[in-house]
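J.: Quick one: structure below, then a few questions.
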Amino acid sequence: MAKLTEKQKKFADYYIELGNATQAAINAGYAKRSAQQIGAENLLKPVIKTYIDERLAQLASERIMGAQEAVELLSSIARAEITEVVVVSTPLGSEVVDKPPDIKTRITAIREILKRYPDNDKMLLQQIRKITADADVSEIKAKILTDTANKLEGNAKNNNLLRALIDVPIIDVSEGNADD
């Protein structure tokens, strides 16, 4: 593809800045009397049009926040590393202060960050489910052992094996002391 001349590049850059082909041609150094015609012609030249399109895309991508930058900003909010300027009233009038994000804002930022890591959410949910299931199983075992102990002849207080299974401290009935 043909390269732009220095004058064509200036025209394209001024056109991007101004949005006016005639004024861009004048600013780039073309004669005022032919600037309107040259401006229109330049916009039709593929090499100039391609340059303008590529440059506009580049400028747009520089203005748009990328994923990395977004997560970094959310992290700064979650860590309360950034503040916002707020006006607060005081007994003497008002005062401008820097205020860190409140807890609700920080939690929202953390949730937004975690949305970008779906595997972590699934892992955390599975860990919570496992812990809950383990706790439920332990409660059921304790209930079964207690019910079984109560049904046996002489209740759990008199049966050392059942007391050990349900974590009841062993009480020496004869002396009234608990064993460690």
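Scheme for the structure tokens: letters A, B, ... for chains in order shown; per-chain residue numbers from 1; ligand numbers from 1 in order shown.
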Which residues, written as a PyMOL selection string, have at least one atom at most 9 Å from Ile38 in chain A, with only C-alpha atoms counted and residues fewer than 6 positions away on the same chain left out?
T.: chain A and resi 21-22+25+30
J.: With all heavy atoms retained, write the just-selected residues as a short mmCIF file (atom, residue, chain, number, x, y, z; two decimals), in the first residue's frame.
T.:
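And here is the file that came out, selection.cif:
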```cif
data_model
loop_
_atom_site.label_atom_id
_atom_site.label_comp_id
_atom_site.auth_asym_id
_atom_site.auth_seq_id
_atom_site.Cartn_x
_atom_site.Cartn_y
_atom_site.Cartn_z
N ALA A 21 -12.95 18.90 6.33
CA ALA A 21 -11.92 18.62 5.32
C ALA A 21 -11.28 19.89 4.77
O ALA A 21 -10.06 19.92 4.56
CB ALA A 21 -12.53 17.80 4.18
N THR A 22 -12.06 20.94 4.55
CA THR A 22 -11.49 22.18 4.00
C THR A 22 -10.51 22.80 4.99
O THR A 22 -9.39 23.16 4.61
CB THR A 22 -12.63 23.18 3.68
OG1 THR A 22 -13.52 22.57 2.75
CG2 THR A 22 -12.08 24.47 3.09
N ALA A 25 -7.33 20.79 5.25
CA ALA A 25 -6.45 21.01 4.10
C ALA A 25 -5.67 22.32 4.27
O ALA A 25 -4.46 22.37 4.03
CB ALA A 25 -7.25 21.02 2.80
N TYR A 30 -2.19 23.21 2.35
CA TYR A 30 -2.71 23.34 0.99
C TYR A 30 -3.20 24.78 0.79
O TYR A 30 -3.55 25.47 1.76
CB TYR A 30 -3.86 22.36 0.74
CG TYR A 30 -3.43 20.90 0.73
CD1 TYR A 30 -3.56 20.10 1.86
CD2 TYR A 30 -2.88 20.33 -0.42
CE1 TYR A 30 -3.16 18.78 1.86
CE2 TYR A 30 -2.48 19.00 -0.43
CZ TYR A 30 -2.63 18.23 0.71
OH TYR A 30 -2.23 16.93 0.69
#
```
J.: Which residues in range 7-162 of chain A does DSSP call strand (DSSP E or B)? List them as JSON, numbers by chain.
T.: {"A": [84, 85, 86, 87, 88, 89, 90, 93, 94, 95, 96, 97, 98, 99]}
J.: Considering only C-alpha atoms, state which residue in the set A:Pro91, A:Pro46, A:Arg55, A:Ser34 is at the smallest distance from Asp13 in chain A.
T.: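 Selected residue with least distance to Asp13 in chain A: A:Arg55.
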J.: Would you list the contacts of Ala40 in chain A as an MDAnalysis selection string, taking every protein, DNA or RNA residue within 10 Å and counting only C-alpha atoms, but skipping same-chain residues closer than 3 positions in sequence?
T.: chainID A and resid 20:22 25 35:37 43:45
J.: Go ahead and write the residues just picked, N, CA, C and O atoms, as a PDB file, in the first residue's frame.
T.:
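Output file selection_21.pdb is given in full below:
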```pdb
ATOM      1  N   ASN A  20     -13.456  18.725   9.656  1.00  0.00           N
ATOM      2  CA  ASN A  20     -13.755  19.600   8.520  1.00  0.00           C
ATOM      3  C   ASN A  20     -12.625  19.455   7.506  1.00  0.00           C
ATOM      4  O   ASN A  20     -11.478  19.819   7.767  1.00  0.00           O
ATOM      5  N   ALA A  21     -12.945  18.902   6.332  1.00  0.00           N
ATOM      6  CA  ALA A  21     -11.924  18.616   5.319  1.00  0.00           C
ATOM      7  C   ALA A  21     -11.276  19.885   4.771  1.00  0.00           C
ATOM      8  O   ALA A  21     -10.064  19.922   4.557  1.00  0.00           O
ATOM      9  N   THR A  22     -12.059  20.937   4.548  1.00  0.00           N
ATOM     10  CA  THR A  22     -11.495  22.178   4.004  1.00  0.00           C
ATOM     11  C   THR A  22     -10.514  22.805   4.986  1.00  0.00           C
ATOM     12  O   THR A  22      -9.386  23.163   4.607  1.00  0.00           O
ATOM     13  N   ALA A  25      -7.335  20.790   5.254  1.00  0.00           N
ATOM     14  CA  ALA A  25      -6.447  21.010   4.102  1.00  0.00           C
ATOM     15  C   ALA A  25      -5.674  22.320   4.272  1.00  0.00           C
ATOM     16  O   ALA A  25      -4.457  22.369   4.030  1.00  0.00           O
ATOM     17  N   ALA A  35      -8.430  24.404  -1.226  1.00  0.00           N
ATOM     18  CA  ALA A  35      -8.557  23.565  -0.028  1.00  0.00           C
ATOM     19  C   ALA A  35      -9.834  22.738  -0.015  1.00  0.00           C
ATOM     20  O   ALA A  35      -9.811  21.566   0.373  1.00  0.00           O
ATOM     21  N   GLN A  36     -10.947  23.323  -0.458  1.00  0.00           N
ATOM     22  CA  GLN A  36     -12.214  22.580  -0.446  1.00  0.00           C
ATOM     23  C   GLN A  36     -12.138  21.370  -1.366  1.00  0.00           C
ATOM     24  O   GLN A  36     -12.507  20.266  -0.994  1.00  0.00           O
ATOM     25  N   GLN A  37     -11.630  21.560  -2.578  1.00  0.00           N
ATOM     26  CA  GLN A  37     -11.537  20.480  -3.559  1.00  0.00           C
ATOM     27  C   GLN A  37     -10.525  19.436  -3.095  1.00  0.00           C
ATOM     28  O   GLN A  37     -10.798  18.240  -3.139  1.00  0.00           O
ATOM     29  N   LEU A  43     -10.210  12.786   1.089  1.00  0.00           N
ATOM     30  CA  LEU A  43     -11.075  11.853   1.825  1.00  0.00           C
ATOM     31  C   LEU A  43     -11.470  10.643   0.982  1.00  0.00           C
ATOM     32  O   LEU A  43     -11.884   9.619   1.524  1.00  0.00           O
ATOM     33  N   LEU A  44     -11.334  10.751  -0.326  1.00  0.00           N
ATOM     34  CA  LEU A  44     -11.657   9.639  -1.224  1.00  0.00           C
ATOM     35  C   LEU A  44     -10.454   8.730  -1.485  1.00  0.00           C
ATOM     36  O   LEU A  44     -10.632   7.614  -1.984  1.00  0.00           O
ATOM     37  N   LYS A  45      -9.265   9.185  -1.188  1.00  0.00           N
ATOM     38  CA  LYS A  45      -8.056   8.388  -1.450  1.00  0.00           C
ATOM     39  C   LYS A  45      -7.975   7.250  -0.427  1.00  0.00           C
ATOM     40  O   LYS A  45      -7.990   7.481   0.785  1.00  0.00           O
TER      41      LYS A  45
END
```
J.: Smallest atom-to-atom distance to Ala31 in chain A: which of A:Asp53, A:Tyr15, A:Arg79, A:Lys7, using only C-alpha atoms?
T.: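 Result for the nearest residue to Ala31 in chain A: A:Lys7.
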J.: Can you tell me how far CA of Val97 in chain A sits from CA of Ala70 in chain A, in Å to one decimal?
T.: 25.3 Å
J.: Using only C-alpha atoms, what does the table of range 15-87 of chain A residues within 12 Å of range 98-106 of chain A look like, with each row giving the shortest atom pair and its distance in Å to one decimal, sorted by chain and ascending number, as CSV?
T.:
```
residue,atom,partner,partner_atom,distance
A:Leu73,CA,A:Arg106,CA,11.4
A:Leu74,CA,A:Arg106,CA,8.4
A:Ser75,CA,A:Arg106,CA,8.9
A:Ser76,CA,A:Arg106,CA,9.1
A:Ile77,CA,A:Arg106,CA,5.9
A:Ala78,CA,A:Arg106,CA,4.3
A:Arg79,CA,A:Arg106,CA,7.3
A:Ala80,CA,A:Pro100,CA,5.6
A:Glu81,CA,A:Pro100,CA,7.5
A:Ile82,CA,A:Pro100,CA,6.3
A:Thr83,CA,A:Pro100,CA,4.3
A:Glu84,CA,A:Lys99,CA,5.3
A:Val85,CA,A:Asp98,CA,4.6
A:Val86,CA,A:Asp98,CA,6.3
A:Val87,CA,A:Asp98,CA,8.8
```
